[in-house]
$ cat entry-v1.txt   # compact mmCIF, C-alpha atoms
# COMPACT_ATOMS: atom_id res chain seq x y z
CA MET F 1 0.00 0.00 0.00
CA SER F 2 1.47 3.26 -1.07
CA ARG F 3 1.71 6.30 1.15
CA ARG F 4 -1.08 8.09 -0.67
CA ASN F 5 -3.53 5.20 -0.25
CA PHE F 6 -2.59 4.95 3.42
CA ALA F 7 -3.39 8.62 3.96
CA ALA F 8 -6.68 8.16 2.11
CA VAL F 9 -7.68 5.22 4.32
CA ILE F 10 -6.87 7.16 7.49
CA PHE F 11 -8.87 10.15 6.26
CA LEU F 12 -11.80 7.87 5.38
CA ALA F 13 -11.70 6.31 8.86
CA ILE F 14 -11.77 9.75 10.52
CA VAL F 15 -14.69 10.88 8.36
CA GLY F 16 -16.53 7.63 9.07
CA VAL F 17 -16.12 8.00 12.82
CA PHE F 18 -17.45 11.55 12.66
CA LEU F 19 -20.40 10.43 10.54
CA VAL F 20 -21.27 7.68 13.04
CA PHE F 21 -21.14 10.16 15.94
CA ALA F 22 -23.26 12.63 13.98
CA ALA F 23 -25.83 9.95 13.24
CA LEU F 24 -25.97 8.95 16.89
CA MET F 25 -26.47 12.56 18.03
CA THR F 26 -29.24 13.39 15.59
CA HIS F 27 -32.27 15.29 16.73
CA PRO F 28 -35.09 12.71 17.06
CA PHE F 29 -37.68 13.03 14.35
CA GLY F 30 -40.87 14.79 15.32
CA GLN F 31 -39.74 15.54 18.86
CA PHE F 32 -39.49 19.24 19.60
CA ASN F 33 -38.05 19.80 23.04
CA ASP F 34 -35.25 17.37 23.67
CA GLU F 35 -32.06 18.13 25.54
CA ASN F 36 -29.90 18.76 22.49
CA ASN F 37 -31.65 21.84 21.16
CA PRO F 38 -34.30 22.92 23.60
CA GLU F 39 -35.47 26.21 22.11
CA MET F 40 -34.52 26.67 18.47
CA ASP F 41 -37.55 25.14 16.72
CA GLN F 42 -40.05 26.78 18.99
CA TYR F 43 -38.30 30.15 18.69
CA ILE F 44 -38.51 30.05 14.87
CA ILE F 45 -42.17 29.01 14.97
CA ASP F 46 -43.13 31.67 17.49
CA ASN F 47 -41.17 34.72 16.32
CA THR F 48 -40.89 34.44 12.52
CA GLN F 49 -43.94 36.56 11.73
CA ASN F 50 -43.08 39.33 14.15
CA GLU F 51 -39.39 39.57 13.36
CA THR F 52 -39.31 39.15 9.58
CA GLY F 53 -42.91 39.69 8.56
CA ALA F 54 -42.91 36.60 6.36
CA ASP F 55 -45.64 34.01 6.60
CA ASN F 56 -43.45 31.29 5.11
CA GLY F 57 -41.08 30.23 7.84
CA VAL F 58 -38.74 28.35 5.56
CA THR F 59 -38.10 31.40 3.36
CA ALA F 60 -37.66 33.53 6.46
CA VAL F 61 -34.95 31.20 7.72
CA VAL F 62 -33.26 30.91 4.32
CA PHE F 63 -33.23 34.60 3.43
CA ASP F 64 -33.18 36.30 6.81
CA TYR F 65 -31.86 34.23 9.70
CA ARG F 66 -29.45 32.23 7.53
CA GLY F 67 -28.84 34.67 4.70
CA PHE F 68 -25.13 34.00 4.67
CA ASP F 69 -25.84 30.37 3.83
CA THR F 70 -27.91 31.46 0.82
CA LEU F 71 -25.00 33.63 -0.31
CA GLY F 72 -22.82 30.52 -0.35
CA GLU F 73 -25.48 28.66 -2.28
CA ALA F 74 -25.59 31.41 -4.90
CA THR F 75 -21.81 31.25 -5.12
CA VAL F 76 -22.03 27.51 -5.80
CA LEU F 77 -24.47 28.16 -8.64
CA PHE F 78 -22.22 30.85 -10.10
CA THR F 79 -19.24 28.49 -9.94
CA ALA F 80 -21.23 25.75 -11.68
CA VAL F 81 -22.24 28.09 -14.52
CA ALA F 82 -18.70 29.37 -14.94
CA GLY F 83 -17.31 25.82 -15.00
CA VAL F 84 -19.84 24.53 -17.54
CA ILE F 85 -19.30 27.48 -19.88
CA LEU F 86 -15.53 27.12 -19.52
CA VAL F 87 -15.63 23.41 -20.37
CA PHE F 88 -18.06 23.60 -23.28
CA ARG F 89 -16.73 26.74 -24.91
CA ARG F 90 -14.00 24.85 -26.73
CA LEU F 91 -16.55 22.72 -28.58
CA LYS F 92 -18.20 25.70 -30.19
CA LYS F 93 -15.79 26.00 -33.12
CA MET I 1 -30.11 18.97 -31.67
CA ARG I 2 -32.76 19.44 -34.30
CA GLY I 3 -36.30 20.31 -33.36
CA MET I 4 -38.90 17.65 -32.72
CA SER I 5 -42.18 16.95 -34.48
CA ARG I 6 -45.10 19.29 -35.02
CA ILE I 7 -47.08 17.66 -32.19
CA VAL I 8 -44.36 18.38 -29.65
CA LYS I 9 -44.04 21.95 -30.86
CA THR I 10 -47.80 22.53 -30.54
CA VAL I 11 -47.93 21.10 -27.02
CA THR I 12 -44.93 23.24 -26.10
CA ASN I 13 -46.66 26.35 -27.44
CA VAL I 14 -49.68 25.61 -25.25
CA ALA I 15 -47.82 24.68 -22.07
CA PHE I 16 -45.00 27.24 -22.18
CA PRO I 17 -46.89 30.36 -20.94
CA PHE I 18 -48.43 28.46 -18.04
CA ILE I 19 -45.04 27.17 -16.90
CA MET I 20 -43.60 30.69 -17.10
CA ILE I 21 -46.48 32.19 -15.11
CA TYR I 22 -46.33 29.45 -12.49
CA GLY I 23 -42.58 29.87 -12.04
CA LEU I 24 -42.85 33.64 -11.72
CA TYR I 25 -45.71 33.17 -9.24
CA VAL I 26 -43.56 30.89 -7.11
CA ILE I 27 -40.78 33.51 -7.13
CA ALA I 28 -43.07 36.43 -6.33
CA HIS I 29 -44.91 34.62 -3.52
CA GLY I 30 -41.81 33.06 -2.03
CA HIS I 31 -42.34 34.68 1.37
CA LEU I 32 -45.97 33.57 1.60
CA THR I 33 -46.39 30.11 0.07
CA PRO I 34 -43.98 27.18 -0.29
CA GLY I 35 -41.24 27.95 -2.78
CA GLY I 36 -38.89 30.85 -3.29
CA GLY I 37 -36.25 32.16 -5.62
CA PHE I 38 -34.41 28.90 -6.19
CA GLN I 39 -37.49 26.78 -6.75
CA GLY I 40 -39.31 29.23 -9.01
CA GLY I 41 -36.15 29.88 -10.99
CA ALA I 42 -35.76 26.14 -11.51
CA ILE I 43 -39.37 25.95 -12.79
CA VAL I 44 -38.82 28.78 -15.28
CA ALA I 45 -35.51 27.30 -16.41
CA SER I 46 -37.12 23.90 -16.95
CA GLY I 47 -39.78 25.56 -19.11
CA LEU I 48 -37.03 27.15 -21.18
CA ALA I 49 -35.32 23.75 -21.39
CA MET I 50 -38.58 22.31 -22.76
CA LEU I 51 -38.52 25.02 -25.45
CA LEU I 52 -34.93 24.03 -26.19
CA VAL I 53 -35.84 20.36 -26.58
CA ALA I 54 -38.87 21.01 -28.76
CA TYR I 55 -37.42 23.57 -31.14
CA GLY I 56 -33.74 22.67 -31.12
CA SER I 57 -30.80 24.63 -29.85
CA ILE I 58 -30.02 26.35 -33.16
CA TRP I 59 -33.45 27.96 -33.31
CA VAL I 60 -33.19 29.12 -29.67
CA VAL I 61 -29.70 30.54 -30.16
CA GLY I 62 -31.00 32.41 -33.19
CA LYS I 63 -33.83 33.90 -31.13
CA ILE I 64 -31.91 35.14 -28.10
CA LYS I 65 -28.52 36.68 -27.45
CA GLU I 66 -26.73 34.24 -25.20
CA LYS I 67 -24.21 36.85 -24.08
CA HIS I 68 -26.98 38.50 -22.09
CA LEU I 69 -27.45 35.49 -19.80
CA PRO I 70 -24.24 35.98 -17.74
CA VAL I 71 -25.15 39.68 -17.51
CA LEU I 72 -28.54 38.75 -16.05
CA GLU I 73 -26.94 36.35 -13.62
CA SER I 74 -24.46 38.98 -12.50
CA VAL I 75 -27.30 41.48 -12.03
CA GLY I 76 -29.03 38.97 -9.76
CA ALA I 77 -25.87 38.31 -7.74
CA ILE I 78 -25.06 42.02 -7.37
CA GLY I 79 -28.63 42.76 -6.32
CA PHE I 80 -28.54 40.03 -3.69
CA ILE I 81 -25.20 41.08 -2.21
CA GLY I 82 -26.13 44.76 -2.52
CA LEU I 83 -29.33 44.23 -0.54
CA ALA I 84 -27.27 42.42 2.06
CA PHE I 85 -24.76 45.28 2.26
CA ILE I 86 -27.41 48.00 2.57
CA GLY I 87 -28.15 46.54 6.00
CA VAL I 88 -24.56 47.33 6.99
CA LEU I 89 -24.36 50.72 5.29
CA LEU I 90 -27.42 52.10 7.08
CA ILE I 91 -25.29 52.70 10.15
CA LEU I 92 -23.70 55.63 8.30
CA PHE I 93 -27.02 57.51 8.32
CA TYR I 94 -28.61 56.32 11.55
CA THR I 95 -26.00 56.03 14.22
CA SER I 96 -28.08 54.02 16.67
CA TYR I 97 -29.22 51.51 14.04
CA PRO I 98 -28.69 47.80 14.85
CA ALA I 99 -26.90 47.16 11.56
CA SER I 100 -25.61 43.80 10.43
CA PHE I 101 -24.99 41.85 7.25
CA PHE I 102 -28.32 40.56 5.82
CA LYS I 103 -30.27 42.90 8.11
CA ASN I 104 -33.92 43.04 7.13
CA PHE I 105 -33.90 46.83 6.99
CA LEU I 106 -37.38 47.30 5.55
CA ILE I 107 -39.08 45.84 8.62
CA GLY I 108 -39.62 48.15 11.55
CA GLN I 109 -38.92 51.47 9.83
CA ASP I 110 -41.10 54.48 9.10
CA VAL I 111 -39.53 55.85 5.90
CA ILE I 112 -41.13 53.53 3.33
CA PRO I 113 -44.33 52.34 4.96
CA ILE I 114 -45.53 50.04 2.17
CA PHE I 115 -43.07 47.25 2.96
CA ASN I 116 -43.40 47.70 6.69
CA GLU I 117 -46.21 45.19 7.11
CA ILE I 118 -46.10 42.21 9.41
CA GLY I 119 -47.43 39.03 7.86
CA LYS I 120 -51.19 39.09 7.72
CA GLY I 121 -52.10 36.09 5.60
CA LEU I 122 -51.37 34.63 2.22
CA ALA I 123 -52.82 37.47 0.14
CA ASN I 124 -50.60 40.36 1.23
CA ILE I 125 -47.56 40.46 -1.03
CA ASN I 126 -46.07 43.63 0.48
CA THR I 127 -45.05 41.96 3.72
CA ALA I 128 -41.69 40.60 4.85
CA GLY I 129 -39.54 43.63 4.01
CA VAL I 130 -36.47 42.74 2.02
CA ILE I 131 -37.21 39.04 1.52
CA PRO I 132 -39.29 39.42 -1.72
CA LEU I 133 -36.57 41.59 -3.27
CA MET I 134 -33.96 38.97 -2.43
CA ASN I 135 -36.30 36.35 -3.88
CA PHE I 136 -36.44 38.30 -7.15
CA ALA I 137 -32.65 38.66 -7.26
CA VAL I 138 -32.03 34.98 -6.57
CA GLY I 139 -34.76 33.98 -9.03
CA LEU I 140 -33.19 36.06 -11.81
CA LYS I 141 -29.84 34.51 -10.99
CA VAL I 142 -31.16 30.95 -11.06
CA ILE I 143 -33.14 31.48 -14.30
CA ALA I 144 -30.15 32.92 -16.14
CA GLY I 145 -27.67 30.44 -14.67
CA LEU I 146 -29.60 27.23 -15.30
CA PHE I 147 -30.72 28.34 -18.77
CA ALA I 148 -27.13 29.27 -19.65
CA ILE I 149 -25.96 25.80 -18.52
CA VAL I 150 -28.64 23.97 -20.54
CA LEU I 151 -28.20 26.18 -23.61
CA VAL I 152 -24.42 25.91 -23.73
CA MET I 153 -24.52 22.13 -23.27
CA ALA I 154 -27.18 21.68 -25.96
CA TYR I 155 -25.64 24.06 -28.46
CA SER I 156 -22.06 22.83 -28.22
CA THR I 157 -22.97 19.13 -28.55
CA ARG I 158 -25.03 19.58 -31.71
CA LEU I 159 -24.16 17.42 -34.70
CA LYS I 160 -21.58 18.52 -37.21
CA GLU I 161 -23.76 18.52 -40.33
CA GLU I 162 -26.38 20.78 -38.77
CA LYS I 163 -24.12 23.79 -38.77
$ encode --input "entry-v1.txt" --output "structure tokens"
Amino acid sequence: MSRRNFAAVIFLAIVGVFLVFAALMTHPFGQFNDENNPEMDQYIIDNTQNETGADNGVTAVVFDYRGFDTLGEATVLFTAVAGVILVFRRLKK
Amino acid sequence: MRGMSRIVKTVTNVAFPFIMIYGLYVIAHGHLTPGGGFQGGAIVASGLAMLLVAYGSIWVVGKIKEKHLPVLESVGAIGFIGLAFIGVLLILFYTSYPASFFKNFLIGQDVIPIFNEIGKGLANINTAGVIPLMNFAVGLKVIAGLFAIVLVMAYSTRLKEEK
């Protein structure tokens, strides 16, 4: 086994361990007030209309509370468009 | 890719305006009903992709100017980031303003009262402050970006003898 494959296996093991821990610590489905995040869901449900004025809570979270995340998403789309145009431009002529 | 048969073109002519109107409705009502800029932009771009399949990429490239699509996408991106930065820049004019990046500056102000509405049901489109404007910017960006991807891929893989 070469050195590069060895490093890849170690990295895979680390990622796998983190994935297993993340799966074990997941918020239980349909259960609102557990000990891991006691207040976040209920805060969004209660205060979205008064703080952002939006009736759609999902859009309020995406564009207001987590707007920076949407900026990253838009950057991903821009990168995809730039990459596709860069790859396919050579075939035009 | 050459265009398809007359049946497909007729069905496309009937269905195309409804897809456009539905996509623009999803963008414009993003803060009220399920959907938003990304989803509505994907609907509009899929309608344009249907036009591309039915009529062929050469016809579509002849109808539009494809250099305008990156301009539209850049306008959407600049509008989105600009709306985010206005929330920071308002501290220059109002010193006690709680400014931050992505601040919803149209809610809770008295200067422009039309956007200053708290959500009152699914019929009021002038609620939610800056969120509809960001929805429009992101929708423009997604329409132009996805249609540019589909158009470039279809036009550059066309057959040699169709030139």
$ interface_residues --input "entry-v1.txt" --of "chain F" --to "chain I" --cutoff "8 Å" --atoms "all atoms listed in the file" --output "list in words"
Gln49, Asn50, Glu51, Thr52, Gly53, Ala54, Asp55, Asn56, Gly57, Val58, Thr59, Ala60, Phe63, Asp64, Gly67, Phe68, Leu71, Ala74, Leu77, Phe78, Val81, Val84, Ile85, Phe88, Arg89, Leu91 and Lys92 of chain F
$ write_last_selection --input "entry-v1.txt" --atoms "C-alpha atoms" --output "compact mmCIF listing (two decimals), in the coordinates of the input"
# COMPACT_ATOMS: atom_id res chain seq x y z
CA GLN F 49 -43.94 36.56 11.73
CA ASN F 50 -43.08 39.33 14.15
CA GLU F 51 -39.39 39.57 13.36
CA THR F 52 -39.31 39.15 9.58
CA GLY F 53 -42.91 39.69 8.56
CA ALA F 54 -42.91 36.60 6.36
CA ASP F 55 -45.64 34.01 6.60
CA ASN F 56 -43.45 31.29 5.11
CA GLY F 57 -41.08 30.23 7.84
CA VAL F 58 -38.74 28.35 5.56
CA THR F 59 -38.10 31.40 3.36
CA ALA F 60 -37.66 33.53 6.46
CA PHE F 63 -33.23 34.60 3.43
CA ASP F 64 -33.18 36.30 6.81
CA GLY F 67 -28.84 34.67 4.70
CA PHE F 68 -25.13 34.00 4.67
CA LEU F 71 -25.00 33.63 -0.31
CA ALA F 74 -25.59 31.41 -4.90
CA LEU F 77 -24.47 28.16 -8.64
CA PHE F 78 -22.22 30.85 -10.10
CA VAL F 81 -22.24 28.09 -14.52
CA VAL F 84 -19.84 24.53 -17.54
CA ILE F 85 -19.30 27.48 -19.88
CA PHE F 88 -18.06 23.60 -23.28
CA ARG F 89 -16.73 26.74 -24.91
CA LEU F 91 -16.55 22.72 -28.58
CA LYS F 92 -18.20 25.70 -30.19
$ atom_distance --input "entry-v1.txt" --atom1 "CA of Ile86 (chain I)" --atom2 "CA of Asp69 (chain F)"
17.7 Å
$ closest_residue --input "entry-v1.txt" --among "I:Leu92, I:Val14, I:Ile27, I:Ile143" --to "Leu48 (chain I)" --atoms "all atoms listed in the file"
I:Ile143
$ atom_distance --input "entry-v1.txt" --atom1 "CA of Val53 (chain I)" --atom2 "CA of Met4 (chain I)"
7.4 Å
$ atom_distance --input "entry-v1.txt" --atom1 "CA of Ile78 (chain I)" --atom2 "CA of Glu73 (chain F)"
14.3 Å
